[in-house]
Amino acid sequence: MKPDPDKKRLKALRRGSLAEYRAALSLIVKGYRIVAFRYRTKLGEIDIIARKGNLIACVEVKARRSLEDSVFAVSDFAQRRIRAASDVWLSKQRDSARLSIRYDIISVTPWRWPIHLPDAF
């Protein structure tokens, strides 16, 4: 008997949400402040927007079996959508002229602390 597709989807959503919370916690431990979580626009979505001083990190979180799988899971198309969403977010910030923006990946693998790859794309 095959698993129910709805149950499989729900399990994947739960795993993704847990990975995002673990990634956010790892950023907080590193001194970042989470300013947006699952930021959505018509152009794209950013899993986490974190700030440290005048640096904005737009973070894509990937829960995969290995670091390599996480990195390769962020396609060129996904990168363009994240950049487009970050432009929308940045345009709404009063201090946008002072901010520098960076695009990171956080790989969340089983039984390990999340791995942060700054300036990944």
# chains A, B, ... in the order shown; residues from 1 in each chain; ligands from 1
call {"tool": "residues_around", "arguments": {"residues": "Arg81 of chain A", "least_positions_apart": "4", "cutoff": "8 Å", "atoms": "only C-alpha atoms", "output": "NGL selection string"}}
result
:A and (43-45 or 77 or 85)
call {"tool": "write_last_selection", "arguments": {"atoms": "C-alpha atoms", "output": "short mmCIF file (atom, residue, chain, number, x, y, z; two decimals), in the first residue's frame"}}
result
data_model
loop_
_atom_site.label_atom_id
_atom_site.label_comp_id
_atom_site.auth_asym_id
_atom_site.auth_seq_id
_atom_site.Cartn_x
_atom_site.Cartn_y
_atom_site.Cartn_z
CA LEU A 43 7.77 37.52 -6.95
CA GLY A 44 9.15 34.99 -4.50
CA GLU A 45 9.71 33.93 -0.91
CA PHE A 77 15.35 29.96 -10.67
CA ALA A 85 11.65 39.16 -3.09
#
call {"tool": "select_by_dssp", "arguments": {"residues": "chain A", "states": "strand (DSSP E)", "output": "MDAnalysis selection string"}}
result
chainID A and resid 33:40 45:52 55:63 100:108 115:117
call {"tool": "write_last_selection", "arguments": {"atoms": "N, CA and C atoms", "output": "CSV table (one decimal), in the first residue's frame"}}
result
chain,number,residue,atom,x,y,z
A,33,ARG,N,19.6,39.1,14.3
A,33,ARG,CA,18.3,39.4,14.7
A,33,ARG,C,17.3,39.0,13.6
A,34,ILE,N,16.4,38.2,13.9
A,34,ILE,CA,15.4,37.7,12.8
A,34,ILE,C,14.4,38.8,12.6
A,35,VAL,N,14.4,39.4,11.4
A,35,VAL,CA,13.5,40.5,11.1
A,35,VAL,C,12.3,40.0,10.2
A,36,ALA,N,12.4,38.9,9.6
A,36,ALA,CA,11.2,38.4,8.8
A,36,ALA,C,11.4,36.9,8.7
A,37,PHE,N,10.3,36.2,8.8
A,37,PHE,CA,10.3,34.7,8.7
A,37,PHE,C,9.3,34.3,7.6
A,38,ARG,N,9.7,33.6,6.7
A,38,ARG,CA,8.8,33.2,5.5
A,38,ARG,C,8.2,34.4,4.9
A,39,TYR,N,9.1,35.3,4.5
A,39,TYR,CA,8.6,36.6,3.8
A,39,TYR,C,8.2,36.2,2.4
A,40,ARG,N,6.9,36.5,2.1
A,40,ARG,CA,6.3,36.1,0.8
A,40,ARG,C,5.9,37.4,0.0
A,45,GLU,N,9.8,34.1,-2.4
A,45,GLU,CA,9.7,33.9,-0.9
A,45,GLU,C,11.1,33.8,-0.4
A,46,ILE,N,11.3,34.4,0.8
A,46,ILE,CA,12.6,34.2,1.5
A,46,ILE,C,12.3,33.5,2.8
A,47,ASP,N,13.0,32.5,3.1
A,47,ASP,CA,12.8,31.7,4.4
A,47,ASP,C,13.0,32.5,5.6
A,48,ILE,N,14.2,33.2,5.7
A,48,ILE,CA,14.5,34.0,6.8
A,48,ILE,C,15.3,35.2,6.3
A,49,ILE,N,14.9,36.4,6.9
A,49,ILE,CA,15.6,37.6,6.7
A,49,ILE,C,16.2,38.0,8.1
A,50,ALA,N,17.5,38.0,8.2
A,50,ALA,CA,18.2,38.3,9.5
A,50,ALA,C,19.1,39.5,9.3
A,51,ARG,N,19.3,40.2,10.4
A,51,ARG,CA,20.1,41.4,10.4
A,51,ARG,C,21.1,41.3,11.5
A,52,LYS,N,22.3,41.8,11.1
A,52,LYS,CA,23.4,42.0,12.1
A,52,LYS,C,24.1,43.3,11.7
A,55,LEU,N,24.0,44.7,8.0
A,55,LEU,CA,24.1,43.6,7.1
A,55,LEU,C,22.7,42.9,7.1
A,56,ILE,N,22.1,42.6,6.0
A,56,ILE,CA,20.9,41.9,5.9
A,56,ILE,C,21.3,40.5,5.2
A,57,ALA,N,20.9,39.4,5.8
A,57,ALA,CA,21.2,38.1,5.3
A,57,ALA,C,19.8,37.5,4.9
A,58,CYS,N,19.6,37.3,3.6
A,58,CYS,CA,18.5,36.6,3.1
A,58,CYS,C,18.8,35.1,3.0
A,59,VAL,N,18.2,34.3,3.8
A,59,VAL,CA,18.6,33.0,4.0
A,59,VAL,C,17.6,32.0,3.4
A,60,GLU,N,18.1,31.1,2.6
A,60,GLU,CA,17.4,29.9,2.1
A,60,GLU,C,17.7,28.7,3.0
A,61,VAL,N,16.8,28.1,3.5
A,61,VAL,CA,17.0,27.0,4.4
A,61,VAL,C,16.6,25.7,3.7
A,62,LYS,N,17.5,24.7,3.7
A,62,LYS,CA,17.3,23.4,3.0
A,62,LYS,C,17.6,22.3,4.0
A,63,ALA,N,16.6,21.5,4.2
A,63,ALA,CA,16.7,20.3,5.0
A,63,ALA,C,17.0,19.1,4.1
A,100,SER,N,23.5,46.6,3.5
A,100,SER,CA,24.1,45.7,2.5
A,100,SER,C,23.4,44.4,2.6
A,101,ILE,N,23.3,43.7,1.5
A,101,ILE,CA,22.5,42.5,1.5
A,101,ILE,C,23.3,41.4,1.0
A,102,ARG,N,23.1,40.2,1.6
A,102,ARG,CA,23.8,39.0,1.3
A,102,ARG,C,22.8,37.8,1.2
A,103,TYR,N,23.2,36.9,0.4
A,103,TYR,CA,22.3,35.7,0.2
A,103,TYR,C,23.0,34.4,0.7
A,104,ASP,N,22.4,33.9,1.7
A,104,ASP,CA,23.0,32.7,2.4
A,104,ASP,C,22.2,31.5,2.2
A,105,ILE,N,22.8,30.3,2.5
A,105,ILE,CA,22.1,29.1,2.6
A,105,ILE,C,22.4,28.5,4.0
A,106,ILE,N,21.4,27.9,4.6
A,106,ILE,CA,21.6,27.2,5.8
A,106,ILE,C,21.2,25.7,5.5
A,107,SER,N,22.1,24.8,5.7
A,107,SER,CA,21.8,23.4,5.5
A,107,SER,C,21.5,22.8,6.8
A,108,VAL,N,20.3,22.1,6.9
A,108,VAL,CA,19.9,21.5,8.1
A,108,VAL,C,19.9,20.0,7.8
A,115,ILE,N,24.4,24.1,9.3
A,115,ILE,CA,25.6,24.7,8.6
A,115,ILE,C,25.3,25.9,7.9
A,116,HIS,N,25.9,27.0,8.2
A,116,HIS,CA,25.6,28.4,7.6
A,116,HIS,C,26.6,28.6,6.5
A,117,LEU,N,26.1,28.9,5.3
A,117,LEU,CA,27.0,29.2,4.2
A,117,LEU,C,26.8,30.7,3.8
call {"tool": "select_by_dssp", "arguments": {"residues": "segment 19-115 of chain A", "states": "helix (DSSP H, G or I)", "output": "ChimeraX atom specification"}}
result
/A:19-29,67-72,76-91,96-98
call {"tool": "atom_distance", "arguments": {"atom1": "atom CA of Gly16 of chain A", "atom2": "atom CA of Arg80 of chain A"}}
result
20.7 Å
call {"tool": "atom_distance", "arguments": {"atom1": "atom CA of Thr41 of chain A", "atom2": "atom CA of Ala78 of chain A"}}
result
13.4 Å
call {"tool": "closest_residue", "arguments": {"among": "A:Phe121, A:Gly53, A:Ser96, A:Ile28", "to": "Phe72 of chain A", "atoms": "only C-alpha atoms"}}
result
A:Phe121
call {"tool": "atom_distance", "arguments": {"atom1": "atom CA of Glu68 of chain A", "atom2": "atom CA of Pro5 of chain A"}}
result
26.8 Å
call {"tool": "closest_residue", "arguments": {"among": "A:Trp111, A:Asp119, A:Leu90, A:Tyr32", "to": "Val71 of chain A", "atoms": "only C-alpha atoms"}}
result
A:Asp119
